[in-house]
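upload.txt (compact mmCIF, C-alpha atoms) appears below.
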# COMPACT_ATOMS: atom_id res chain seq x y z
CA MET A 57 88.77 54.21 -107.55
CA ALA A 58 90.72 56.44 -109.89
CA LEU A 59 88.42 57.55 -112.62
CA VAL A 60 89.28 59.26 -115.82
CA ALA A 61 87.58 62.42 -116.91
CA GLU A 62 88.22 63.98 -120.25
CA LYS A 63 90.65 66.79 -119.54
CA GLY A 64 88.52 69.31 -121.39
CA ALA A 65 85.41 68.71 -119.27
CA ALA A 66 83.80 72.00 -118.36
CA VAL A 67 82.98 73.03 -114.79
CA PRO A 68 80.19 75.37 -113.72
CA ALA A 69 81.25 79.02 -113.95
CA HIS A 70 78.81 79.95 -111.19
CA ASP A 71 77.85 78.62 -107.76
CA PRO A 72 77.11 74.98 -108.69
CA MET A 73 74.29 74.78 -106.16
CA LEU A 74 72.47 77.84 -107.44
CA PRO A 75 70.29 77.40 -110.54
CA ARG A 76 70.63 80.00 -113.26
CA VAL A 77 67.52 80.87 -115.17
CA ALA A 78 67.18 79.86 -118.79
CA ARG A 79 64.26 80.28 -121.16
CA VAL A 80 62.90 77.72 -123.57
CA ARG A 81 63.71 79.02 -127.03
CA LYS A 82 62.33 76.08 -128.95
CA ARG A 83 60.50 72.86 -128.15
CA GLN A 84 60.40 69.98 -130.55
CA ARG A 85 58.71 66.61 -130.35
CA ASP A 86 61.08 63.80 -131.36
CA LEU A 87 58.98 60.77 -130.45
CA ALA A 88 55.60 60.20 -128.84
CA ASP A 89 57.07 60.69 -125.37
CA VAL A 90 60.38 62.41 -126.15
CA TRP A 91 60.91 66.14 -126.49
CA THR A 92 63.92 68.29 -127.20
CA LEU A 93 64.21 71.70 -125.57
CA ASN A 94 66.58 74.41 -126.81
CA LEU A 95 67.43 76.69 -123.92
CA GLU A 96 68.92 80.16 -123.75
CA MET A 97 70.49 81.56 -120.60
CA GLU A 98 68.52 84.56 -119.43
CA ASP A 99 71.65 86.46 -118.40
CA GLY A 100 73.05 86.04 -121.94
CA GLU A 101 76.17 84.24 -120.76
CA PRO A 102 76.39 80.96 -122.72
CA LEU A 103 76.84 77.76 -120.75
CA LYS A 104 79.97 76.05 -122.05
CA PHE A 105 79.97 72.29 -121.87
CA ALA A 106 81.85 69.28 -123.15
CA PRO A 107 80.20 66.34 -124.95
CA GLY A 108 78.79 63.84 -122.47
CA GLN A 109 78.18 66.27 -119.61
CA PHE A 110 74.80 66.88 -118.01
CA ASN A 111 72.86 69.69 -116.37
CA MET A 112 70.46 69.68 -113.48
CA LEU A 113 67.23 71.15 -114.83
CA THR A 114 64.58 72.62 -112.54
CA VAL A 115 60.94 73.20 -113.28
CA PHE A 116 60.20 75.76 -110.58
CA GLY A 117 57.66 74.50 -108.11
CA VAL A 118 57.95 70.94 -109.38
CA GLY A 119 61.49 69.67 -108.98
CA GLU A 120 64.95 69.11 -110.40
CA ILE A 121 66.40 66.23 -112.46
CA PRO A 122 69.67 65.49 -114.29
CA ILE A 123 69.45 65.63 -118.09
CA SER A 124 72.30 65.02 -120.52
CA ILE A 125 73.12 67.77 -122.97
CA SER A 126 72.29 66.71 -126.52
CA GLY A 127 73.33 69.81 -128.47
CA ASP A 128 76.39 70.90 -130.38
CA PRO A 129 79.11 72.20 -128.04
CA ALA A 130 80.62 74.26 -130.85
CA GLN A 131 77.42 76.11 -131.59
CA ASP A 132 77.77 79.48 -129.97
CA GLY A 133 75.01 79.88 -127.42
CA GLY A 134 72.71 77.53 -129.27
CA GLY A 135 74.07 74.20 -128.11
CA LEU A 136 72.20 74.15 -124.83
CA VAL A 137 69.85 71.43 -125.95
CA HIS A 138 68.31 68.70 -123.81
CA THR A 139 66.33 65.71 -124.96
CA ILE A 140 63.83 64.50 -122.40
CA ARG A 141 61.63 61.45 -122.14
CA ASP A 142 58.38 62.15 -120.36
CA VAL A 143 58.49 59.42 -117.73
CA GLY A 144 57.91 61.19 -114.42
CA THR A 145 56.65 64.28 -112.68
CA VAL A 146 59.61 66.54 -113.41
CA SER A 147 60.46 65.16 -116.86
CA GLY A 148 56.79 65.44 -117.79
CA ALA A 149 56.68 69.05 -116.59
CA LEU A 150 59.88 69.80 -118.52
CA ALA A 151 58.50 68.20 -121.67
CA ARG A 152 55.41 70.38 -121.45
CA LEU A 153 57.27 73.69 -121.16
CA GLY A 154 56.56 75.96 -124.10
CA PRO A 155 58.75 78.67 -125.63
CA GLY A 156 59.55 81.45 -123.16
CA SER A 157 59.07 79.28 -120.07
CA ALA A 158 61.66 79.55 -117.32
CA VAL A 159 63.93 76.61 -116.47
CA GLY A 160 66.51 76.45 -113.70
CA VAL A 161 69.91 75.23 -114.87
CA ARG A 162 72.81 74.02 -112.75
CA GLY A 163 75.88 72.73 -114.51
CA PRO A 164 77.49 71.52 -116.57
CA PHE A 165 78.54 68.56 -114.45
CA GLY A 166 80.53 65.40 -114.81
CA THR A 167 83.09 63.85 -117.07
CA SER A 168 82.89 63.93 -120.83
CA TRP A 169 83.37 61.68 -123.85
CA PRO A 170 87.00 61.16 -124.93
CA VAL A 171 86.86 63.52 -127.90
CA GLU A 172 90.57 64.36 -127.63
CA GLU A 173 91.85 60.88 -126.72
CA ALA A 174 90.02 59.42 -129.69
CA LYS A 175 91.92 61.53 -132.18
CA GLY A 176 94.08 59.43 -134.48
CA ASN A 177 91.92 56.36 -133.82
CA ASP A 178 88.91 54.74 -135.36
CA VAL A 179 85.77 55.62 -133.43
CA VAL A 180 82.85 53.30 -132.74
CA ILE A 181 79.77 55.04 -131.37
CA LEU A 182 77.32 52.49 -129.98
CA ALA A 183 73.98 53.95 -128.98
CA GLY A 184 70.75 52.39 -127.80
CA GLY A 185 67.36 54.09 -127.57
CA LEU A 186 67.53 57.51 -125.97
CA GLY A 187 71.26 56.89 -125.37
CA LEU A 188 71.80 58.55 -128.73
CA ALA A 189 71.01 61.91 -127.11
CA PRO A 190 74.05 62.11 -124.77
CA LEU A 191 76.23 60.87 -127.64
CA ARG A 192 75.03 63.47 -130.13
CA PRO A 193 77.45 66.20 -128.91
CA MET A 194 80.31 63.70 -129.40
CA ILE A 195 79.06 62.94 -132.92
CA TYR A 196 78.91 66.66 -133.70
CA SER A 197 82.47 67.13 -132.42
CA VAL A 198 83.87 64.18 -134.35
CA LEU A 199 82.16 65.19 -137.58
CA ALA A 200 83.25 68.81 -137.18
CA ASN A 201 86.85 67.62 -136.87
CA ARG A 202 86.52 64.62 -139.12
CA LYS A 203 90.10 64.65 -140.44
CA HIS A 204 91.49 63.98 -136.96
CA TYR A 205 89.82 60.58 -136.73
CA GLY A 206 90.14 57.31 -138.61
CA LYS A 207 87.05 55.33 -139.55
CA VAL A 208 83.91 56.39 -137.74
CA ALA A 209 81.05 53.94 -137.19
CA LEU A 210 77.77 54.96 -135.62
CA LEU A 211 75.79 51.89 -134.59
CA TYR A 212 72.33 52.64 -133.31
CA GLY A 213 69.64 50.37 -131.92
CA ALA A 214 66.07 51.33 -131.15
CA ARG A 215 62.99 49.50 -129.95
CA GLY A 216 61.11 49.78 -133.23
CA PRO A 217 61.05 51.78 -136.47
CA GLY A 218 58.73 54.36 -134.87
CA GLU A 219 61.15 54.93 -132.00
CA ILE A 220 64.26 55.93 -133.90
CA LEU A 221 65.52 59.13 -132.34
CA PHE A 222 66.82 62.06 -134.43
CA ARG A 223 65.71 60.29 -137.59
CA ALA A 224 66.22 63.26 -139.92
CA GLU A 225 69.74 63.76 -138.60
CA LEU A 226 70.56 60.06 -138.93
CA GLU A 227 69.46 60.27 -142.56
CA GLN A 228 71.75 63.29 -143.05
CA TRP A 229 74.69 61.46 -141.50
CA ARG A 230 73.98 58.40 -143.64
CA ARG A 231 74.34 60.56 -146.75
CA ARG A 232 77.87 61.52 -145.68
CA LEU A 233 80.50 59.31 -147.22
CA ASP A 234 82.90 59.55 -144.29
CA ILE A 235 80.87 57.79 -141.61
CA GLU A 236 79.46 54.28 -141.45
CA LEU A 237 75.96 54.40 -140.06
CA GLN A 238 74.00 51.28 -139.18
CA VAL A 239 70.59 51.26 -137.56
CA THR A 240 68.74 48.26 -136.22
CA VAL A 241 65.51 47.77 -134.32
CA ASP A 242 64.55 45.10 -131.81
CA HIS A 243 61.00 44.64 -133.05
CA ALA A 244 59.45 45.28 -136.44
CA GLU A 245 56.67 44.21 -138.70
CA THR A 246 57.51 42.84 -142.13
CA ASP A 247 56.99 46.19 -143.87
CA TRP A 248 60.25 47.44 -142.23
CA TYR A 249 63.05 47.02 -144.73
CA GLY A 250 65.91 47.83 -142.36
CA SER A 251 67.82 45.64 -139.93
CA VAL A 252 66.12 43.74 -137.11
CA GLY A 253 68.17 42.46 -134.20
CA VAL A 254 69.83 43.83 -131.11
CA VAL A 255 72.40 46.59 -131.48
CA THR A 256 75.29 44.31 -130.53
CA THR A 257 74.78 42.37 -133.78
CA LEU A 258 75.96 45.46 -135.68
CA ILE A 259 79.45 45.32 -134.17
CA PRO A 260 80.81 42.40 -136.23
CA ARG A 261 79.39 44.05 -139.36
CA ALA A 262 81.17 47.38 -138.78
CA THR A 263 84.57 48.21 -140.23
CA PHE A 264 87.19 49.33 -137.73
CA ASP A 265 90.63 48.37 -136.47
CA PRO A 266 89.98 47.11 -132.93
CA GLN A 267 93.58 47.72 -131.82
CA ASN A 268 93.24 51.39 -132.73
CA THR A 269 89.66 52.08 -131.82
CA VAL A 270 88.00 54.19 -129.18
CA ALA A 271 84.44 53.06 -128.49
CA VAL A 272 81.80 55.13 -126.76
CA VAL A 273 78.63 53.45 -125.54
CA CYS A 274 75.40 54.86 -124.22
CA GLY A 275 72.00 53.31 -123.64
CA PRO A 276 70.18 51.22 -121.06
CA GLU A 277 72.68 49.64 -118.69
CA ILE A 278 72.06 46.07 -119.81
CA MET A 279 72.54 47.12 -123.43
CA MET A 280 75.85 48.75 -122.47
CA ARG A 281 76.95 45.61 -120.61
CA PHE A 282 76.27 43.42 -123.64
CA GLY A 283 77.66 46.11 -125.95
CA ALA A 284 80.92 46.22 -124.02
CA ALA A 285 81.15 42.41 -124.15
CA ALA A 286 80.59 42.42 -127.92
CA LEU A 287 83.22 45.14 -128.40
CA ARG A 288 85.65 43.16 -126.27
CA LYS A 289 84.96 40.08 -128.39
CA ALA A 290 85.70 42.19 -131.49
CA GLY A 291 89.09 43.04 -129.97
CA VAL A 292 88.52 46.48 -128.43
CA GLY A 293 90.27 46.84 -125.06
CA ASP A 294 88.39 47.91 -121.93
CA GLN A 295 90.74 50.88 -121.60
CA SER A 296 89.51 52.10 -124.99
CA MET A 297 85.81 51.80 -124.15
CA TYR A 298 83.81 54.57 -122.50
CA LEU A 299 80.33 54.15 -121.06
CA SER A 300 77.89 56.72 -119.73
CA MET A 301 76.31 55.54 -116.50
CA GLU A 302 73.03 56.69 -115.06
CA ARG A 303 72.11 56.87 -111.40
CA SER A 304 69.82 59.01 -109.29
CA MET A 305 71.80 62.25 -109.21
CA LYS A 306 70.65 64.91 -106.77
CA CYS A 307 73.36 67.35 -105.70
CA ALA A 308 75.49 66.75 -108.83
CA VAL A 309 78.67 67.76 -107.00
CA GLY A 310 79.57 64.56 -105.17
CA LEU A 311 78.19 65.45 -101.75
CA CYS A 312 74.88 63.71 -101.21
CA GLY A 313 75.80 60.17 -102.27
CA HIS A 314 72.53 59.40 -104.05
CA CYS A 315 74.38 58.41 -107.23
CA GLN A 316 77.01 56.26 -105.59
CA LEU A 317 78.30 53.43 -107.77
CA GLY A 318 80.82 51.35 -105.85
CA SER A 319 83.33 53.88 -104.56
CA ALA A 320 82.48 56.44 -107.23
CA PHE A 321 79.86 59.13 -107.50
CA VAL A 322 78.35 59.10 -110.97
CA CYS A 323 77.68 62.84 -110.89
CA ARG A 324 81.28 63.77 -110.12
CA ASP A 325 83.41 60.83 -111.31
CA GLY A 326 81.09 60.07 -114.24
CA PRO A 327 78.74 59.92 -115.97
CA VAL A 328 81.35 58.89 -118.56
CA PHE A 329 83.57 56.09 -117.21
CA ARG A 330 86.30 54.13 -118.87
CA ASN A 331 85.27 50.48 -118.88
CA ASP A 332 88.43 49.12 -117.28
CA GLN A 333 87.72 51.36 -114.31
CA LEU A 334 84.12 50.27 -114.03
CA GLY A 335 85.43 46.73 -113.78
CA SER A 336 82.70 44.34 -112.73
CA LEU A 337 80.46 46.99 -111.16
CA MET A 338 77.82 46.58 -113.84
CA THR A 339 77.38 42.93 -113.01
CA VAL A 340 76.74 43.55 -109.31
CA LYS A 341 73.05 43.19 -108.58
CA GLU A 342 71.16 46.20 -107.25
CA LEU A 343 74.27 48.39 -107.18
CA MET B 163 83.25 22.18 -157.46
CA GLU B 164 86.67 23.77 -157.05
CA GLY B 165 84.97 27.18 -156.84
CA LEU B 166 82.65 25.93 -154.11
CA GLU B 167 85.54 24.37 -152.24
CA ARG B 168 87.37 27.67 -152.32
CA ILE B 169 84.30 29.56 -151.10
CA VAL B 170 83.81 27.07 -148.26
CA ARG B 171 87.51 27.14 -147.33
CA GLU B 172 87.64 30.95 -147.30
CA HIS B 173 84.36 31.50 -145.50
CA PRO B 174 84.81 32.75 -141.91
CA PHE B 175 82.33 30.16 -140.65
CA PHE B 176 84.68 27.39 -141.73
CA ALA B 177 87.90 29.15 -140.73
CA GLY B 178 90.54 26.66 -139.56
CA LEU B 179 88.69 23.61 -140.88
CA LYS B 180 90.96 20.83 -142.17
CA GLU B 181 91.31 20.54 -145.92
CA GLY B 182 89.73 17.09 -145.99
CA PHE B 183 86.66 18.33 -144.13
CA CYS B 184 86.35 21.27 -146.53
CA GLN B 185 86.23 18.81 -149.40
CA LEU B 186 83.61 16.69 -147.65
CA ILE B 187 81.44 19.71 -146.89
CA SER B 188 81.79 21.08 -150.41
CA GLY B 189 80.30 17.85 -151.68
CA CYS B 190 77.03 18.88 -150.00
CA ALA B 191 77.13 22.50 -151.21
CA LYS B 192 75.71 24.38 -154.15
CA ASN B 193 75.46 28.01 -155.19
CA VAL B 194 71.99 29.58 -155.01
CA ARG B 195 70.48 33.02 -155.51
CA PHE B 196 67.21 34.58 -154.43
CA GLU B 197 65.52 37.65 -155.84
CA ALA B 198 64.22 40.34 -153.49
CA GLY B 199 60.97 39.13 -151.98
CA GLN B 200 61.62 35.48 -152.72
CA TYR B 201 61.35 33.04 -149.82
CA LEU B 202 64.23 30.74 -148.95
CA PHE B 203 61.83 28.55 -146.96
CA HIS B 204 58.61 28.63 -144.99
CA GLU B 205 57.70 27.67 -141.44
CA GLY B 206 56.82 24.00 -141.10
CA GLN B 207 58.62 22.88 -144.24
CA ALA B 208 61.35 20.27 -144.07
CA ALA B 209 64.65 21.81 -143.02
CA ASP B 210 66.59 19.97 -145.68
CA GLN B 211 69.24 22.62 -146.13
CA PHE B 212 70.87 25.63 -144.50
CA TYR B 213 72.41 28.69 -146.09
CA ILE B 214 75.65 30.57 -145.79
CA LEU B 215 75.02 34.07 -147.08
CA ARG B 216 77.60 35.48 -149.48
CA SER B 217 75.81 38.75 -150.23
CA GLY B 218 72.41 40.32 -149.72
CA ARG B 219 70.10 40.26 -146.73
CA VAL B 220 67.53 37.84 -145.40
CA ALA B 221 64.67 38.48 -142.98
CA LEU B 222 63.43 35.79 -140.63
CA GLU B 223 59.69 36.23 -140.21
CA MET B 224 56.92 34.81 -138.07
CA SER B 225 53.26 35.24 -138.74
CA ALA B 226 50.67 35.95 -136.07
CA PRO B 227 46.93 36.03 -136.76
CA THR B 228 46.82 39.78 -137.25
CA ARG B 229 50.34 40.65 -138.34
CA SER B 230 53.69 39.39 -139.56
CA LEU B 231 56.82 40.16 -137.59
CA THR B 232 60.44 40.25 -138.62
CA ILE B 233 62.36 38.64 -135.79
CA GLN B 234 65.85 39.07 -137.22
CA THR B 235 67.67 40.13 -140.34
CA LEU B 236 70.88 38.46 -141.49
CA GLY B 237 73.55 39.60 -143.90
CA GLU B 238 76.82 38.71 -145.57
CA ASP B 239 78.77 35.83 -144.02
CA GLU B 240 75.93 34.92 -141.66
CA ILE B 241 74.19 31.57 -141.39
CA VAL B 242 70.50 31.07 -142.08
CA GLY B 243 68.94 28.11 -140.36
CA ALA B 244 69.82 25.67 -137.63
CA SER B 245 66.68 23.51 -137.66
CA TRP B 246 68.45 21.06 -139.95
CA LEU B 247 70.55 20.04 -136.91
CA VAL B 248 67.73 18.87 -134.67
CA ALA B 249 64.93 16.38 -135.34
CA PRO B 250 62.23 16.62 -136.64
CA TYR B 251 64.14 18.93 -139.02
CA ARG B 252 61.34 21.45 -139.66
CA TRP B 253 61.71 25.23 -140.07
CA GLY B 254 60.37 27.32 -137.21
CA PHE B 255 59.98 30.53 -139.25
CA ASP B 256 59.92 31.93 -142.77
CA ALA B 257 63.05 33.31 -144.41
CA LYS B 258 62.70 35.97 -147.11
CA ALA B 259 65.35 37.66 -149.23
CA LEU B 260 65.11 41.43 -148.71
CA GLU B 261 67.31 42.10 -151.73
CA LEU B 262 69.14 40.06 -154.32
CA THR B 263 70.86 37.44 -152.16
CA ARG B 264 73.58 34.99 -153.06
CA ALA B 265 74.31 32.06 -150.79
CA ILE B 266 75.80 28.63 -150.48
CA SER B 267 73.07 26.11 -149.85
CA MET B 268 74.11 23.06 -147.87
CA ASP B 269 72.22 19.81 -148.32
CA ALA B 270 71.30 18.95 -144.73
CA ALA B 271 70.73 15.22 -145.21
CA CYS B 272 74.06 14.94 -147.00
CA LEU B 273 75.88 16.83 -144.28
CA ARG B 274 74.14 14.98 -141.43
CA GLY B 275 75.16 11.73 -143.09
CA LYS B 276 78.79 12.78 -143.33
CA CYS B 277 78.76 13.95 -139.73
CA GLU B 278 77.37 10.56 -138.65
CA ASP B 279 80.07 8.80 -140.64
CA ASP B 280 82.86 10.96 -139.27
CA HIS B 281 82.23 12.27 -135.76
CA ASP B 282 85.31 14.49 -135.95
CA LEU B 283 83.60 16.37 -138.76
CA GLY B 284 80.38 16.38 -136.73
CA TYR B 285 82.22 17.85 -133.76
CA GLU B 286 83.81 20.52 -135.95
CA MET B 287 80.38 21.47 -137.27
CA MET B 288 78.94 21.59 -133.74
CA LYS B 289 81.81 23.80 -132.57
CA ARG B 290 80.89 26.23 -135.34
CA PHE B 291 77.13 26.14 -134.87
CA ALA B 292 77.02 26.27 -131.07
CA PRO B 293 78.45 29.83 -130.78
CA VAL B 294 76.01 31.05 -133.45
CA LEU B 295 73.12 29.50 -131.53
CA ILE B 296 74.28 30.92 -128.21
CA GLN B 297 74.81 34.37 -129.71
CA ARG B 298 71.29 34.30 -131.15
CA LEU B 299 69.85 33.04 -127.87
CA GLN B 300 71.53 35.95 -126.03
CA ALA B 301 70.27 38.40 -128.64
CA THR B 302 66.75 37.00 -128.31
CA ARG B 303 66.94 37.40 -124.53
CA LEU B 304 67.89 41.04 -125.00
CA GLN B 305 65.00 41.51 -127.41
CA ILE B 306 62.61 39.95 -124.91
CA LEU B 307 63.93 42.24 -122.16
CA ASP B 308 62.76 45.18 -124.26
CA VAL B 309 65.55 47.30 -122.82
CA TYR B 310 64.79 50.61 -124.48
CA GLY B 311 62.49 53.15 -123.05
CA THR B 312 63.91 53.92 -119.64
CA ARG B 313 66.77 56.35 -120.20
CA SER B 314 66.08 60.07 -119.77
If you took the structure in this file and wrote it as structure tokens, what would it be?
Amino acid sequence: MALVAEKGAAVPAHDPMLPRVARVRKRQRDLADVWTLNLEMEDGEPLKFAPGQFNMLTVFGVGEIPISISGDPAQDGGGLVHTIRDVGTVSGALARLGPGSAVGVRGPFGTSWPVEEAKGNDVVILAGGLGLAPLRPMIYSVLANRKHYGKVALLYGARGPGEILFRAELEQWRRRLDIELQVTVDHAETDWYGSVGVVTTLIPRATFDPQNTVAVVCGPEIMMRFGAAALRKAGVGDQSMYLSMERSMKCAVGLCGHCQLGSAFVCRDGPVFRNDQLGSLMTVKEL
Amino acid sequence: MEGLERIVREHPFFAGLKEGFCQLISGCAKNVRFEAGQYLFHEGQAADQFYILRSGRVALEMSAPTRSLTIQTLGEDEIVGASWLVAPYRWGFDAKALELTRAISMDAACLRGKCEDDHDLGYEMMKRFAPVLIQRLQATRLQILDVYGTRS
């Protein structure tokens, strides 16, 4: 399978199998079980990355897991930000690390969002749940270079009003007049004044030219599958749709095979895939 | 009436409908408006109309003993209500305007009668309602799956 990586995707400057030490500069609670860590490399050499890439983060003595980078790639030294849901042993240990704690960092790894390819086109950013975190660097890049893009629509779905990620930032983006932002939740009580319904219902309501649109999609796999179908129905071609896949990544350099998806390794050939190259892989059970 | 006919003819839901059918349907239509907080209908009431939203937003709500839930919100160009299609023609939820909402209200008994009289019209209506129903069924399935909460 030939898979497309954004040409600007960064590669590790150091031995990719050897963790570098970073320190937690800031820890912020986003949701009840979601934390954002701002890291700083201990050796002072910033870790350059492209939107959509991930790092392998180690809590020493506990373990290592892949985490997407959720910071601003243009922010000098300060963009090494990871947003983590406390769902397991390592993610829980990461979420509990306070300022000054040591973290092992390998990366950045993988392909990136099509920031360059999207220039000159409308951009639809379709995010579900914590999938907004890997898309945030793309949003920063697009907004920082706004004049290079056509219409920009950010369509975000969350489980409920209390589980809307990066709420303050979403409110900031909504105040901008050059981006269309729509938020919906799956479940709400009647005191919620916003939209209720799955994120795919936002697509027909958004304004974009499907023939000249690049769509980026991130969220739970089933949400991405339905999101891609809804985008296709709206007229966006599979070759203009990019999805970020998630599998159990271990080595992160395409050696161990833990993250195999069909003939691809998600760590090396992804996590960002163009939808025409994913083909029907997402509909194959237990793949 | 001419204004209503034009609205019906130009509405995406009726796109491609023959002129004669547009006239028939317009005979069952009227313009309505709802203030924010006003209910279009309540659960259990007779489903004697459905609505084509022109502007504003509507929340579909269901009440449980301890709380009220919004199950879906609908906006411009969307359809509110399908219970008028199926006996016993009773609403299965409440519908409340979230803001000033303008809509075309369709008299269900009138439209059902015309569809019975002219099955071609009935088939055209079914071809338009079935995709809406399937889309909402799929969306409901996704809501039930509760897909968020696993990505890290």
As a VMD selection string, could you give me every residue of chain B near chain A (at most 12 Å apart, counting all atoms listed in the file)?
chain B and resid 174 198 to 199 219 to 226 228 to 240 256 to 261 294 297 to 314
Enter the distance from CA of Gly310 in chain A to CA of Thr167 in chain A, in Å, rounded to one decimal.
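So the two atoms, CA of Gly310 in chain A and CA of Thr167 in chain A, lie 12.4 Å apart.
As for CA of Gln207 in chain B and CA of Glu286 in chain B, they are spaced 26.6 Å apart.
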When distances are computed from only C-alpha atoms, which of B:Ala209, B:Ala271, B:Ile241, B:Ala265 shows the smallest separation from Ile187 in chain B?
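The closest residue to Ile187 in chain B is B:Ala271.
Using only C-alpha atoms, the nearest neighbour of His204 in chain B within the list B:His281, B:Phe255, B:Phe291, B:Gly182 is B:Phe255.
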One decimal, Å: what's the distance from CA of Gln267 in chain A over to CA of Val292 in chain A, could you say?
6.2 Å
Could you list, as a ChimeraX atom specification, every residue within 9 Å of Val137 in chain A, counting only C-alpha atoms and ignoring same-chain residues fewer than 6 positions away?
/A:92-95,124-128
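With all atoms listed in the file as the atoms that count, the minimum distance from Asp282 in chain B to the choices B:Phe183, B:Tyr213, B:Trp246, B:Tyr251 is reached by B:Phe183.
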For Gln185 in chain B, which residue out of B:Ser245, B:Thr263, B:Lys276, B:Glu197 is the nearest one, using all atoms listed in the file?
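So, comparing all the options, the nearest one is B:Lys276.
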Have a look at B:Arg274, B:Lys289, B:Lys180, B:Arg252 and name the one nearest to Glu205 in chain B; count all atoms listed in the file.
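The closest residue to Glu205 in chain B is B:Arg252.
Candidate residues A:Leu103, A:Leu210, A:Met338, A:Met297 were compared for distance to Leu317 in chain A, and the nearest is A:Met338, using only C-alpha atoms.
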Around all listed atoms of range 227-235 of chain A, padded 6 Å per side, what centre and edge lengths does the axis-aligned box have in Å to one decimal, as JSON?
{"center_x": 76.2, "center_y": 60.5, "center_z": -144.4, "size_x": 25.4, "size_y": 17.5, "size_z": 17.7}
